[in-house]
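Taking it in order: structure first as C-alpha cells, then the write-up.
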Amino acid sequence: MAGGVNNAPRSIVTTETRPVRILLTGIALAFIGIFLVVPLVSVFVEAFRQGWQLYLAALVEPDAVSAIKLTLITAAIAVPLNLIFGLTAAWSIAKFEFRGKSFLITLIDLPFAVSPVVAGLIYVLLFGAQGWWGPWLAEHDIKIIFAVPGIVLATVFVTFPFVARELIPLMEAQGSDEEQAAMVLGASGWQMFWRVTLPNIKWGLLYGVILANARAMGEFGAVSVVSGHVRGQTNTIPLHVEILYNEYNFVAAFACASLLALLALVTLAAKSWVEWRTERLAAEDRRHATEE
C-alpha cells in the first residue's frame, strides 16, 4: 500500500544460495502464470475468438450498454462517498484521542471480514418489502431494494474501508506537527487542510480511491443480492456477464468480461504509477535532506 511504503533505502540481505533463490522465484512466477496470467489471457482470447464484429456487437447491445452505465454510475456515487468517509475517519483516528477509537478501527475493517452476500442480505433486511423499514418505504413510494439506491448502498458497504485503511497509517506516521505549525502561523482550518494536510496525503488518497473504484466496478456478491437481476435496469457488468454465460452466450459473456478485465488492468497500471511516483518523491526528499 502506498501508505505503507517504506521511505528508507532498500537493503536486501539474504543468506540463501543461488539455486534456492532461483527455485523460490520460479515457483512464484509459475503460480502467477498459472493462476493469473493464463486465465486473464484466456478471457481476451475467448472474447475475440469469433472476430471483432461480434465482440463490438456484444458491447453495444442495449442491455450491455445499460449494465456499463449502471456500473459507472454506481462507482461515481460510491467512490466519492467513500472518499469523504475515508478522509474524516482517518483524520479522526490519526489526529484525535477518544474513547472507542480501537472499536472504530475494527468497524472500518468489518466489510473485509463479512461476506459480500451477507452485506447484501443486511440491506434486504433493512429496506426490503418485509424489512424493518420496508412498510414505511412502500407507503412513501420509495424503492431501494431491487433498484439503483440498493446497489449503491451495497457497493458503498463493501468498498468503504479502502480509502480509510490507506490514509490512517499514513496520517499517523506523519503526525500533526506541520498542522500545528500552520495554525500557529495563523492558517484557518480550511487553509491548513488544503496547503498542509492534503499535499502530504494526496498519493495515499489517490491510491485508496483507485482500489475502491476497482472494487466498486467489479463487485458481484452484495450487488447480486440487492439488484433483483432486472435486465437492462439493475444489472451491472458482473451480473450481465453471469446472465450471458448461463444462457450459453459465451462470446458476449467473454466480451463483457474482457471489458472488466481491461478496467482492472488500467487500475493496476494506475496503482503502479502511484507507487512509482510515491517512491520517487520519497527518494527526492531523502536526496534533499542529504544535501542540506
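In the C-alpha cells, chains take the letters A, B, ... in the order shown, each chain's residues start at 1, and ligands count up from 1 in the order shown.
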Can I get the residues of stretch 109-193 of chain A within 7 Å of stretch 214-232 of chain A, each with the closest pair of atoms and their distance in Å to one decimal, using only C-alpha atoms, sorted chain first then ascending number, as a Markdown table?
| residue | atom | partner | partner_atom | distance |
| --- | --- | --- | --- | --- |
| A:Pro116 | CA | A:Ala222 | CA | 4.6 |
| A:Val117 | CA | A:Ala222 | CA | 4.8 |
| A:Ala119 | CA | A:Ala222 | CA | 5.8 |
| A:Gly120 | CA | A:Ala222 | CA | 4.2 |
| A:Leu121 | CA | A:Val225 | CA | 6.6 |
| A:Val124 | CA | A:Val226 | CA | 6.6 |
| A:Ile145 | CA | A:Val226 | CA | 5.4 |
| A:Phe146 | CA | A:Ser227 | CA | 4.3 |
| A:Ala147 | CA | A:Ser227 | CA | 6.1 |
| A:Gly150 | CA | A:Val226 | CA | 5.9 |
| A:Ile151 | CA | A:Val223 | CA | 5.4 |
| A:Ala154 | CA | A:Ala222 | CA | 5.7 |
| A:Thr155 | CA | A:Ala216 | CA | 5.8 |
| A:Thr159 | CA | A:Ala216 | CA | 6.5 |
Determine, counting only C-alpha atoms, which protein, DNA and RNA residues have an atom within 9 Å of an atom of A:Leu70; residues of the same chain fewer than 2 positions away are not included. Present the result as a ChimeraX atom specification. /A:65-68,72-75,148,233-237
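For A:Phe96, the non-local neighbours within 12 Å, defined as residues at least 4 positions apart in the same chain or in other chains and counting only C-alpha atoms, are Thr88, Ala89, Ala90, Trp91, Ser92, Gly100, Lys101, Ile168, Met171, Glu172, Gly175 and Ser176 of chain A.
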Nearest to A:Ile108: which of A:Thr25, A:Gln130, A:Asn82, A:Thr290 is it, counting only C-alpha atoms? A:Asn82
If you run DSSP on this backbone, which residues of stretch 86-187 of chain A come out as alpha helix (DSSP H), and could you give them as a PyMOL selection string? chain A and resi 86-95+101-108+110-113+116-127+134-139+148-159+161-174+177-184
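For the residues A:Ile22, A:Leu281, A:Ile243, A:Ile201, ranking by smallest atom-to-atom distance to A:Cys256 using only C-alpha atoms places A:Ile243 first.
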